[in-house]
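J.: Below is the file entry-v4.cif, with mmCIF, C-alpha atoms.
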```cif
data_protein
#
loop_
_atom_site.label_atom_id
_atom_site.label_comp_id
_atom_site.auth_asym_id
_atom_site.auth_seq_id
_atom_site.Cartn_x
_atom_site.Cartn_y
_atom_site.Cartn_z
CA MET Y 12 -3.69 25.75 30.10
CA PHE Y 13 -5.53 27.12 33.05
CA SER Y 14 -6.23 30.39 31.20
CA VAL Y 15 -8.27 28.36 28.69
CA PHE Y 16 -10.24 27.13 31.65
CA ALA Y 17 -10.58 30.66 33.03
CA GLY Y 18 -11.81 32.06 29.72
CA PHE Y 19 -14.20 29.14 29.41
CA VAL Y 20 -15.65 29.48 32.91
CA GLY Y 21 -15.66 33.27 32.63
CA SER Y 22 -17.78 33.29 29.50
CA LEU Y 23 -20.13 30.70 31.00
CA VAL Y 24 -20.88 32.67 34.13
CA GLY Y 25 -20.91 36.07 32.44
CA LEU Y 26 -17.70 37.40 33.95
CA GLY Y 27 -14.62 38.39 32.01
CA GLY Y 28 -11.71 35.96 32.00
CA ALA Y 29 -9.58 38.35 34.05
CA THR Y 30 -11.88 38.14 37.07
CA ILE Y 31 -10.80 34.52 37.27
CA THR Y 32 -7.25 34.60 35.87
CA THR Y 33 -5.95 37.25 38.28
CA PRO Y 34 -7.03 35.41 41.46
CA MET Y 35 -5.72 32.16 39.97
CA LEU Y 36 -2.35 33.66 39.07
CA THR Y 37 -1.92 35.01 42.59
CA LEU Y 38 -2.77 31.54 43.88
CA PHE Y 39 0.20 30.24 41.85
CA GLY Y 40 2.40 32.82 43.54
CA VAL Y 41 2.49 35.50 40.83
CA PRO Y 42 2.63 38.95 42.47
CA ILE Y 43 -0.74 40.63 42.03
CA LYS Y 44 0.59 43.66 40.10
CA TYR Y 45 2.13 41.40 37.44
CA ALA Y 46 -1.09 39.41 37.24
CA ILE Y 47 -3.09 42.62 36.76
CA ALA Y 48 -0.74 43.99 34.07
CA ALA Y 49 -0.78 40.74 32.07
CA SER Y 50 -4.57 40.40 32.38
CA MET Y 51 -5.06 43.97 31.16
CA VAL Y 52 -3.27 43.11 27.90
CA ALA Y 53 -5.03 39.74 27.57
CA ILE Y 54 -8.45 41.39 27.84
CA ILE Y 55 -7.84 43.23 24.57
CA ALA Y 56 -7.93 39.83 22.83
CA THR Y 57 -11.16 38.50 24.33
CA SER Y 58 -13.05 41.78 24.02
CA SER Y 59 -11.89 42.51 20.47
CA GLY Y 60 -12.69 38.96 19.43
CA SER Y 61 -16.26 39.08 20.67
CA ALA Y 62 -16.72 42.73 19.65
CA SER Y 63 -15.80 41.91 16.05
CA SER Y 64 -18.83 39.69 15.64
CA TYR Y 65 -21.15 42.02 17.58
CA VAL Y 66 -20.08 44.96 15.43
CA ARG Y 67 -20.66 43.13 12.18
CA GLU Y 68 -24.08 42.02 13.41
CA LYS Y 69 -24.77 45.75 14.03
CA LEU Y 70 -25.49 45.10 17.69
CA SER Y 71 -22.92 47.51 19.15
CA ASN Y 72 -23.69 51.21 19.13
CA VAL Y 73 -20.35 52.54 17.91
CA ARG Y 74 -21.24 56.22 18.38
CA ALA Y 75 -22.15 55.71 22.01
CA ALA Y 76 -18.99 53.60 22.35
CA PHE Y 77 -16.70 56.33 21.01
CA TYR Y 78 -18.26 58.94 23.25
CA LEU Y 79 -18.08 56.74 26.36
CA GLU Y 80 -14.54 55.61 25.58
CA ILE Y 81 -13.25 59.10 26.26
CA PHE Y 82 -14.19 58.61 29.91
CA THR Y 83 -13.29 54.96 30.37
CA ALA Y 84 -9.88 55.51 28.76
CA VAL Y 85 -9.02 58.40 31.06
CA GLY Y 86 -10.38 56.40 34.01
CA ALA Y 87 -8.28 53.36 33.09
CA ILE Y 88 -5.10 55.45 32.77
CA VAL Y 89 -5.69 57.03 36.19
CA GLY Y 90 -6.55 53.63 37.68
CA ALA Y 91 -3.41 51.99 36.33
CA PHE Y 92 -1.29 54.81 37.76
CA ILE Y 93 -2.90 54.25 41.16
CA THR Y 94 -2.08 50.52 41.01
CA ARG Y 95 1.48 51.34 40.04
CA VAL Y 96 2.10 53.25 43.28
CA ILE Y 97 -0.12 51.75 45.99
CA SER Y 98 0.73 48.84 48.24
CA PRO Y 99 -0.32 45.50 46.69
CA VAL Y 100 -2.22 44.63 49.88
CA TRP Y 101 -4.97 47.10 48.94
CA LEU Y 102 -5.39 45.49 45.55
CA TYR Y 103 -6.56 42.21 47.09
CA PHE Y 104 -9.30 44.03 48.99
CA PHE Y 105 -10.27 46.23 46.05
CA PHE Y 106 -10.44 43.12 43.90
CA ALA Y 107 -12.68 41.35 46.40
CA GLY Y 108 -14.83 44.49 46.59
CA PHE Y 109 -15.06 44.63 42.82
CA LEU Y 110 -16.14 40.98 42.69
CA LEU Y 111 -18.79 41.58 45.32
CA THR Y 112 -20.28 44.58 43.48
CA SER Y 113 -20.18 42.63 40.19
CA PHE Y 114 -21.97 39.81 41.94
CA TYR Y 115 -24.64 42.21 43.19
CA ALA Y 116 -25.04 43.90 39.80
CA LEU Y 117 -25.22 40.61 37.90
CA THR Y 118 -27.80 39.04 40.17
CA ASN Y 119 -29.95 42.18 40.06
CA ARG Y 120 -29.74 42.76 36.34
CA GLN Y 121 -33.21 43.27 34.97
CA ARG Y 122 -34.17 40.74 32.37
CA ARG Y 123 -36.64 42.91 30.50
CA GLY Y 124 -34.25 45.80 29.97
CA PRO Y 125 -35.00 49.50 30.33
CA ALA Y 126 -38.09 51.33 29.09
CA PRO Y 127 -37.77 53.02 25.66
CA VAL Y 128 -36.52 56.61 25.65
CA LEU Y 129 -39.24 58.85 24.25
CA LYS Y 130 -37.58 62.24 24.41
CA GLN Y 131 -33.82 62.74 24.26
CA ASP Y 132 -31.94 65.45 26.11
CA LYS Y 133 -29.84 67.95 24.15
CA LEU Y 134 -26.41 66.31 24.48
CA SER Y 135 -27.71 62.84 23.58
CA SER Y 136 -29.43 64.15 20.50
CA TRP Y 137 -26.41 66.29 19.52
CA LEU Y 138 -24.33 63.11 19.78
CA LYS Y 139 -26.92 61.33 17.61
CA LEU Y 140 -27.13 58.50 20.13
CA GLU Y 141 -29.69 56.28 18.54
CA GLY Y 142 -29.71 53.08 16.58
CA SER Y 143 -31.51 49.95 15.60
CA TYR Y 144 -30.79 46.26 15.71
CA PHE Y 145 -32.35 43.07 14.48
CA ASP Y 146 -33.84 41.07 17.31
CA LYS Y 147 -33.61 37.41 16.32
CA PRO Y 148 -36.16 35.87 18.75
CA SER Y 149 -38.94 38.25 17.67
CA GLY Y 150 -37.70 38.65 14.09
CA LYS Y 151 -38.17 42.42 14.31
CA VAL Y 152 -35.93 45.45 13.86
CA VAL Y 153 -35.84 47.36 17.13
CA ASN Y 154 -35.24 51.11 17.03
CA TYR Y 155 -33.99 52.85 20.13
CA ARG Y 156 -32.74 56.19 21.39
CA LEU Y 157 -30.41 56.92 24.27
CA ASN Y 158 -30.69 59.56 26.96
CA LYS Y 159 -28.69 61.28 29.73
CA ALA Y 160 -25.33 61.08 27.96
CA ALA Y 161 -23.79 63.63 30.34
CA LEU Y 162 -24.81 61.65 33.42
CA ALA Y 163 -23.21 58.49 32.03
CA SER Y 164 -19.76 60.06 31.71
CA PRO Y 165 -18.73 60.15 35.41
CA GLY Y 166 -20.07 56.61 35.76
CA MET Y 167 -17.96 55.46 32.84
CA PHE Y 168 -14.93 57.18 34.33
CA VAL Y 169 -15.39 55.17 37.54
CA ALA Y 170 -15.90 51.95 35.54
CA GLY Y 171 -12.68 52.70 33.67
CA LEU Y 172 -10.89 53.50 36.92
CA ALA Y 173 -11.81 50.14 38.44
CA ALA Y 174 -10.88 48.36 35.20
CA GLY Y 175 -7.48 50.04 34.98
CA MET Y 176 -6.70 49.49 38.65
CA LEU Y 177 -7.59 45.80 38.72
CA GLY Y 178 -6.76 44.74 35.18
CA VAL Y 179 -10.33 43.71 34.43
CA GLY Y 180 -12.80 44.73 31.75
CA GLY Y 181 -15.37 46.06 34.18
CA GLY Y 182 -18.08 45.01 31.75
CA VAL Y 183 -20.60 44.50 34.52
CA PHE Y 184 -20.31 48.18 35.53
CA LYS Y 185 -20.48 49.37 31.96
CA VAL Y 186 -23.55 47.30 31.16
CA THR Y 187 -25.29 48.59 34.28
CA ILE Y 188 -24.62 52.23 33.32
CA HIS Y 189 -25.69 51.64 29.72
CA GLU Y 190 -29.01 50.21 30.82
CA LEU Y 191 -29.84 52.29 33.89
CA VAL Y 192 -28.61 55.69 32.70
CA LEU Y 193 -28.60 55.67 28.91
CA GLY Y 194 -31.62 53.38 28.56
CA MET Y 195 -29.79 51.03 26.20
CA PRO Y 196 -31.48 47.71 25.28
CA SER Y 197 -29.77 44.74 26.98
CA LYS Y 198 -28.31 43.15 23.86
CA VAL Y 199 -26.92 46.44 22.58
CA SER Y 200 -25.56 47.10 26.05
CA THR Y 201 -23.53 43.89 26.21
CA ALA Y 202 -22.29 44.28 22.63
CA THR Y 203 -21.29 47.92 23.15
CA SER Y 204 -19.59 47.14 26.44
CA ASN Y 205 -17.43 44.50 24.76
CA PHE Y 206 -16.45 47.03 22.13
CA ILE Y 207 -15.50 49.69 24.68
CA ILE Y 208 -13.50 47.26 26.82
CA GLY Y 209 -10.89 46.89 24.06
CA MET Y 210 -10.09 50.59 24.35
CA THR Y 211 -10.31 50.70 28.15
CA ALA Y 212 -7.90 47.78 28.33
CA LEU Y 213 -5.47 49.36 25.87
CA ALA Y 214 -5.49 52.56 27.93
CA GLY Y 215 -4.71 50.66 31.12
CA ALA Y 216 -2.19 48.44 29.32
CA SER Y 217 -0.35 51.48 28.00
CA VAL Y 218 0.47 52.48 31.58
CA TYR Y 219 1.50 48.98 32.70
CA PHE Y 220 3.59 48.67 29.57
CA THR Y 221 5.99 51.36 30.75
CA SER Y 222 5.82 50.48 34.44
CA GLY Y 223 8.10 47.44 34.36
CA LEU Y 224 5.14 45.28 35.36
CA LEU Y 225 4.39 43.54 32.08
CA TYR Y 226 5.83 40.09 31.42
CA LEU Y 227 5.28 38.97 27.83
CA ASP Y 228 5.41 35.30 28.81
CA LEU Y 229 2.55 35.92 31.22
CA ALA Y 230 0.42 38.10 28.92
CA ALA Y 231 0.73 35.89 25.82
CA PRO Y 232 -0.60 32.61 27.27
CA LEU Y 233 -3.34 34.54 29.06
CA ALA Y 234 -4.43 36.22 25.84
CA VAL Y 235 -4.41 32.94 23.91
CA GLY Y 236 -6.03 30.92 26.67
CA THR Y 237 -8.86 33.28 27.56
CA THR Y 238 -9.70 33.85 23.89
CA ILE Y 239 -9.90 30.13 23.13
CA GLY Y 240 -11.74 29.53 26.39
CA ALA Y 241 -14.28 32.24 25.65
CA MET Y 242 -14.99 30.75 22.23
CA LEU Y 243 -15.50 27.29 23.74
CA GLY Y 244 -17.72 28.81 26.44
CA ALA Y 245 -19.93 30.51 23.87
CA ARG Y 246 -20.46 27.11 22.21
CA VAL Y 247 -21.27 25.21 25.37
CA LEU Y 248 -23.42 27.83 27.08
CA PRO Y 249 -26.63 27.29 25.07
CA ARG Y 250 -26.55 23.58 26.00
CA LEU Y 251 -26.36 24.08 29.75
CA ALA Y 252 -29.35 24.36 32.05
CA ASN Y 253 -29.87 27.74 33.71
CA SER Y 254 -29.62 26.20 37.16
CA THR Y 255 -26.20 24.70 36.31
CA VAL Y 256 -24.95 28.07 35.11
CA ARG Y 257 -26.22 29.79 38.25
CA LEU Y 258 -24.62 27.21 40.52
CA LEU Y 259 -21.32 27.55 38.68
CA PHE Y 260 -21.56 31.34 38.93
CA PHE Y 261 -22.02 31.26 42.71
CA ALA Y 262 -19.29 28.67 43.21
CA VAL Y 263 -16.75 30.57 41.13
CA LEU Y 264 -17.48 33.88 42.82
CA VAL Y 265 -17.35 32.48 46.33
CA VAL Y 266 -14.01 30.82 45.61
CA VAL Y 267 -12.34 33.85 44.02
CA ILE Y 268 -13.68 36.32 46.61
CA ALA Y 269 -12.52 34.08 49.46
CA GLU Y 270 -9.14 33.63 47.81
CA MET Y 271 -8.57 37.37 47.35
CA LEU Y 272 -9.65 38.16 50.91
CA TYR Y 273 -7.41 35.43 52.29
CA LYS Y 274 -4.45 36.72 50.27
CA GLY Y 275 -5.15 40.25 51.44
CA VAL Y 276 -5.41 39.34 55.10
CA MET Y 277 -2.24 37.26 54.90
CA ALA Y 278 -0.38 40.15 53.29
CA LEU Y 279 -1.38 42.65 56.00
CA MET V 11 -32.26 56.72 7.86
CA THR V 12 -29.57 58.14 10.09
CA GLU V 13 -29.21 54.93 12.05
CA LYS V 14 -27.84 52.96 9.11
CA THR V 15 -25.19 55.47 8.06
CA ASP V 16 -22.41 53.82 10.06
CA SER V 17 -23.00 50.39 8.54
CA SER V 18 -19.84 50.30 6.43
CA LEU V 19 -17.76 51.61 9.35
CA GLU V 20 -19.07 48.75 11.47
CA ASP V 21 -18.07 46.22 8.81
CA LEU V 22 -14.64 47.81 8.56
CA ILE V 23 -14.10 47.81 12.33
CA GLY V 24 -15.31 44.22 12.54
CA TRP V 25 -12.61 43.19 10.10
CA VAL V 26 -9.90 45.22 11.81
CA LEU V 27 -10.72 43.56 15.12
CA ILE V 28 -10.90 39.99 13.86
CA VAL V 29 -7.76 40.23 11.73
CA GLY V 30 -5.86 41.82 14.65
CA VAL V 31 -6.92 39.24 17.21
CA VAL V 32 -6.48 36.19 15.01
CA SER V 33 -3.03 37.22 13.77
CA SER V 34 -1.96 38.07 17.32
CA VAL V 35 -3.16 34.74 18.70
CA VAL V 36 -1.42 32.85 15.88
CA PHE V 37 1.90 34.61 16.57
CA ASP V 38 1.55 33.98 20.30
CA VAL V 39 0.62 30.31 19.92
CA VAL V 40 3.56 29.57 17.63
CA GLY V 41 5.85 31.62 19.88
CA LEU V 42 4.70 29.80 22.99
CA ALA V 43 5.13 26.46 21.27
CA LYS V 44 8.70 27.51 20.37
CA THR V 45 9.51 28.28 24.01
CA GLY V 46 8.84 24.60 24.64
CA SER V 47 7.28 25.24 28.01
CA TRP V 48 3.80 26.32 28.98
CA SER V 49 4.71 27.04 32.56
CA LEU V 50 5.22 30.41 34.19
CA THR V 51 8.80 31.57 34.48
CA LEU V 52 8.74 35.37 34.91
CA SER V 53 12.33 35.66 33.79
CA PRO V 54 13.68 39.18 33.16
CA THR V 55 14.13 38.53 29.44
CA TRP V 56 10.37 38.62 29.10
CA LEU V 57 9.84 41.82 31.05
CA VAL V 58 8.92 44.82 28.91
CA GLN V 59 11.45 47.56 29.60
CA SER V 60 10.77 50.12 26.91
CA PRO V 61 10.11 53.79 27.60
CA ASN V 62 6.90 53.57 25.55
CA PHE V 63 4.84 51.35 23.26
CA PHE V 64 6.14 52.81 20.00
CA SER V 65 9.77 52.47 21.04
CA PHE V 66 9.00 48.85 21.97
CA ILE V 67 7.84 48.27 18.39
CA GLY V 68 11.09 49.81 17.17
CA SER V 69 13.32 47.82 19.50
CA THR V 70 11.49 44.57 18.74
CA LEU V 71 11.91 45.07 15.00
CA SER V 72 15.56 46.09 15.25
CA SER V 73 16.47 43.10 17.44
CA LEU V 74 14.72 40.52 15.29
CA GLY V 75 18.06 38.99 14.35
CA SER V 76 19.53 38.80 17.83
CA ALA V 77 16.52 37.72 19.91
CA THR V 78 15.18 34.16 20.00
CA ILE V 79 12.47 33.17 17.54
CA ALA V 80 10.09 32.55 20.42
CA TYR V 81 10.65 36.05 21.82
CA ASN V 82 10.19 37.67 18.41
CA LEU V 83 6.93 35.83 17.75
CA ILE V 84 5.45 36.56 21.14
CA ALA V 85 6.52 40.21 21.12
CA ILE V 86 5.00 40.69 17.66
CA GLY V 87 1.84 38.93 18.85
CA ILE V 88 1.48 41.34 21.76
CA ILE V 89 2.21 44.35 19.52
CA LEU V 90 -0.48 43.19 17.06
CA LEU V 91 -2.89 42.76 19.94
CA MET V 92 -2.30 46.21 21.42
CA ILE V 93 -2.32 47.93 18.06
CA THR V 94 -5.72 46.45 17.11
CA PRO V 95 -7.94 48.85 19.12
CA TYR V 96 -5.58 51.66 18.14
CA VAL V 97 -6.06 50.97 14.45
CA ARG V 98 -9.82 50.84 14.86
CA VAL V 99 -9.83 54.40 16.27
CA VAL V 100 -7.60 55.65 13.43
CA VAL V 101 -9.91 53.98 10.90
CA SER V 102 -12.93 55.60 12.58
CA VAL V 103 -11.39 59.09 12.50
CA LEU V 104 -10.76 58.68 8.77
CA TYR V 105 -14.24 57.28 8.17
CA TYR V 106 -15.98 60.16 9.91
CA ALA V 107 -13.73 62.64 8.09
CA VAL V 108 -14.65 61.14 4.72
CA THR V 109 -18.37 61.13 5.55
CA LYS V 110 -18.03 64.70 6.89
CA ASP V 111 -19.45 63.85 10.30
CA PHE V 112 -17.32 66.43 12.10
CA ARG V 113 -18.81 65.92 15.54
CA TYR V 114 -17.54 62.38 15.49
CA VAL V 115 -14.25 63.35 13.89
CA GLY V 116 -13.79 65.43 17.02
CA ILE V 117 -14.86 62.69 19.42
CA THR V 118 -12.75 59.97 17.81
CA LEU V 119 -9.78 62.35 17.56
CA LEU V 120 -10.07 63.01 21.28
CA VAL V 121 -10.01 59.26 21.99
CA LEU V 122 -7.02 58.93 19.63
CA ALA V 123 -5.20 61.79 21.36
CA ILE V 124 -5.73 60.32 24.84
CA ILE V 125 -4.57 56.87 23.84
CA THR V 126 -1.60 58.11 21.81
CA ALA V 127 -0.41 60.28 24.70
CA SER V 128 -0.68 57.33 27.04
CA LEU V 129 1.09 54.92 24.69
CA LEU V 130 3.88 57.48 24.31
CA ALA V 131 4.02 57.72 28.12
CA LEU V 132 3.85 61.52 27.88
#
```
What is this structure when it is put down as structure tokens?

T.:
Amino acid sequence: MFSVFAGFVGSLVGLGGATITTPMLTLFGVPIKYAIAASMVAIIATSSGSASSYVREKLSNVRAAFYLEIFTAVGAIVGAFITRVISPVWLYFFFAGFLLTSFYALTNRQRRGPAPVLKQDKLSSWLKLEGSYFDKPSGKVVNYRLNKAALASPGMFVAGLAAGMLGVGGGVFKVTIHELVLGMPSKVSTATSNFIIGMTALAGASVYFTSGLLYLDLAAPLAVGTTIGAMLGARVLPRLANSTVRLLFFAVLVVVIAEMLYKGVMAL
Amino acid sequence: MTEKTDSSLEDLIGWVLIVGVVSSVVFDVVGLAKTGSWSLTLSPTWLVQSPNFFSFIGSTLSSLGSATIAYNLIAIGIILLMITPYVRVVVSVLYYAVTKDFRYVGITLLVLAIITASLLAL
């Protein structure tokens, strides 16, 4: 039941469900590596669910997604291998660090989005990284082009690495790279990130699958709960005041960061 | 109008994703209901101990008769879930091959190769 809550809160504050489920599972005494492995599988459900509607609305840029997936997938595989071998104590601190950087990136995300790309570099144009989407508020079709595809690849590798290590989607990192490096419009960025996360999570999950860390009875309720929670969250979000959402966001982050740090210090 | 060329691929992928997730969640919900408990147990029967993902599919299917209904349903739910992004890459490779977009045949094949190798635990 609590995974429904986690998916719900996660989608309200703009974090993936796993950022909340993993700290909560460890609070209930589940060893962190099992929590990470189960969350990694559960993320496939939430991201694929939301990606399916984004893709049909033509908001995701699938070409950019396929290109960037090469790097996040490799990153996630490497990350999951690291988690498999390192002492669990480190994972608490890495998790807290990840939450802190997410917090920083989310609070500093620019509302207006990046400036349009006027001239593409060679790789970006070879990859045909461009697209258009229908912007509902303005009622206009927005055309856009992306740039600096080569520069985005190491960034996506790192995002994948963090995702694979911690069993999270790492959407905040991906969105930041999409906007700051590629020059992707905000809506496309979120939609494309959701699409990529499915593959990143599968890559990480493939490693946990064979590591003797994956409990089906942990992954299944997480997948069901966070998916249902995320759907509920998407319904409720438009009705909440911005100040309520922001307060909830701070409260949730403070609690989970404190919890992970406490667990880490106690495990030292 | 290059930007609209992938429109039918996007529709196709959208369907693959939604069918995969919904069927997986349905299997998992029924399976969890059959276990009769929604609490965490972490018993060894639920631990995945296959050498790779594809052999897990094989062993799940071959032990359908001997395992509990709850286990079968949940295992199938997880397989459906994990296979969903896999299928969407396969579909994309085929789509780009049919539309003769060989750059993207290459890119999607590379993604497919990475993920297949990892699922096979090579």

J.: Tell me, as JSON, numbers by chain, which residues lie within 7 Å of Val179 (chain Y), counting all atoms listed in the file; anything in the same chain fewer than 2 positions away does not count.

T.: {"Y": [29, 30, 50, 51, 174, 175, 177, 181]}

J.: How would the residues just chosen look if you wrote them out with C-alpha atoms as a PDB file, in the coordinates of the input?

T.:
```pdb
ATOM      1  CA  ALA Y  29      -9.580  38.350  34.050  1.00  0.00           C
ATOM      2  CA  THR Y  30     -11.880  38.140  37.070  1.00  0.00           C
ATOM      3  CA  SER Y  50      -4.570  40.400  32.380  1.00  0.00           C
ATOM      4  CA  MET Y  51      -5.060  43.970  31.160  1.00  0.00           C
ATOM      5  CA  ALA Y 174     -10.880  48.360  35.200  1.00  0.00           C
ATOM      6  CA  GLY Y 175      -7.480  50.040  34.980  1.00  0.00           C
ATOM      7  CA  LEU Y 177      -7.590  45.800  38.720  1.00  0.00           C
ATOM      8  CA  GLY Y 181     -15.370  46.060  34.180  1.00  0.00           C
TER       9      GLY Y 181
END
```

J.: Go through V:Leu104, V:Thr109, V:Val39, V:Thr78 and flag the residue nearest chain Y, using all atoms listed in the file for the distances.

T.: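 Of all the options, V:Val39 lies closest to chain Y.
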
J.: Would you mind telling me which residue in Y:Lys198, Y:Arg67, Y:Arg257, Y:Arg250 lies nearest to Pro148 (chain Y) when using only C-alpha atoms?

T.: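 Closest to Pro148 (chain Y), using only C-alpha atoms: Y:Lys198.
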
J.: Once the PyMOL selection byres ((chain Y) within 7 of (chain V)) is applied to the coordinates I shared, what remains selected? I want it as an MDAnalysis selection string.

T.: chainID Y and resid 55:56 59:60 63:64 66:67 69 77:78 80:81 141:143 209:210 213:214 217:218 220:221 223 225:229 231 235

J.: What's the separation between CA of Ala160 (chain Y) and CA of Asn119 (chain Y), in Å to one decimal place?

T.: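 Here the two named atoms are 22.9 Å from each other.
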
J.: Convert the output of the PyMOL selection byres ((chain Y and resi 126) around 12) on the shown file into explicit residues, formatted as number ranges by chain.

T.: Y: 121-125, 127-130, 155-158, 190-197

J.: What is the CA of Leu279 (chain Y) to CA of Ala107 (chain Y) distance in Å?

T.: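 Taking CA of Leu279 (chain Y) and CA of Ala107 (chain Y), their separation equals 14.9 Å.
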
J.: Take CA of Ala173 (chain Y) and CA of Lys159 (chain Y) and report the distance between them in Å, one decimal.

T.: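 These atoms are spaced 22.0 Å apart.
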
J.: On this file, the PyMOL selection byres ((chain Y and resi 93-101) around 12) gives some set of residues; write that set as an NGL selection string.

T.: :Y and (37 or 41-48 or 86-92 or 102-108 or 172-178 or 215-216 or 218-225 or 271-279)

J.: Those residues you just picked out, can you put them in a file as a short mmCIF file (atom, residue, chain, number, x, y, z; two decimals), in the coordinates of the input with C-alpha atoms?

T.:
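Below you can see again-v5.cif, which holds the result:
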```
data_model
loop_
_atom_site.label_atom_id
_atom_site.label_comp_id
_atom_site.auth_asym_id
_atom_site.auth_seq_id
_atom_site.Cartn_x
_atom_site.Cartn_y
_atom_site.Cartn_z
CA THR Y 37 -1.92 35.01 42.59
CA VAL Y 41 2.49 35.50 40.83
CA PRO Y 42 2.63 38.95 42.47
CA ILE Y 43 -0.74 40.63 42.03
CA LYS Y 44 0.59 43.66 40.10
CA TYR Y 45 2.13 41.40 37.44
CA ALA Y 46 -1.09 39.41 37.24
CA ILE Y 47 -3.09 42.62 36.76
CA ALA Y 48 -0.74 43.99 34.07
CA GLY Y 86 -10.38 56.40 34.01
CA ALA Y 87 -8.28 53.36 33.09
CA ILE Y 88 -5.10 55.45 32.77
CA VAL Y 89 -5.69 57.03 36.19
CA GLY Y 90 -6.55 53.63 37.68
CA ALA Y 91 -3.41 51.99 36.33
CA PHE Y 92 -1.29 54.81 37.76
CA LEU Y 102 -5.39 45.49 45.55
CA TYR Y 103 -6.56 42.21 47.09
CA PHE Y 104 -9.30 44.03 48.99
CA PHE Y 105 -10.27 46.23 46.05
CA PHE Y 106 -10.44 43.12 43.90
CA ALA Y 107 -12.68 41.35 46.40
CA GLY Y 108 -14.83 44.49 46.59
CA LEU Y 172 -10.89 53.50 36.92
CA ALA Y 173 -11.81 50.14 38.44
CA ALA Y 174 -10.88 48.36 35.20
CA GLY Y 175 -7.48 50.04 34.98
CA MET Y 176 -6.70 49.49 38.65
CA LEU Y 177 -7.59 45.80 38.72
CA GLY Y 178 -6.76 44.74 35.18
CA GLY Y 215 -4.71 50.66 31.12
CA ALA Y 216 -2.19 48.44 29.32
CA VAL Y 218 0.47 52.48 31.58
CA TYR Y 219 1.50 48.98 32.70
CA PHE Y 220 3.59 48.67 29.57
CA THR Y 221 5.99 51.36 30.75
CA SER Y 222 5.82 50.48 34.44
CA GLY Y 223 8.10 47.44 34.36
CA LEU Y 224 5.14 45.28 35.36
CA LEU Y 225 4.39 43.54 32.08
CA MET Y 271 -8.57 37.37 47.35
CA LEU Y 272 -9.65 38.16 50.91
CA TYR Y 273 -7.41 35.43 52.29
CA LYS Y 274 -4.45 36.72 50.27
CA GLY Y 275 -5.15 40.25 51.44
CA VAL Y 276 -5.41 39.34 55.10
CA MET Y 277 -2.24 37.26 54.90
CA ALA Y 278 -0.38 40.15 53.29
CA LEU Y 279 -1.38 42.65 56.00
#
```

J.: Using the file's own x, y and z axes, what box holds all listed atoms of region 90-97 of chain V with 4 Å on each side, keeping edges along x, y and z, and what are its centre and edge lengths in Å to one decimal, as JSON?

T.:
```
{"center_x": -4.2, "center_y": 47.2, "center_z": 17.9, "size_x": 15.5, "size_y": 16.9, "size_z": 15.0}
```
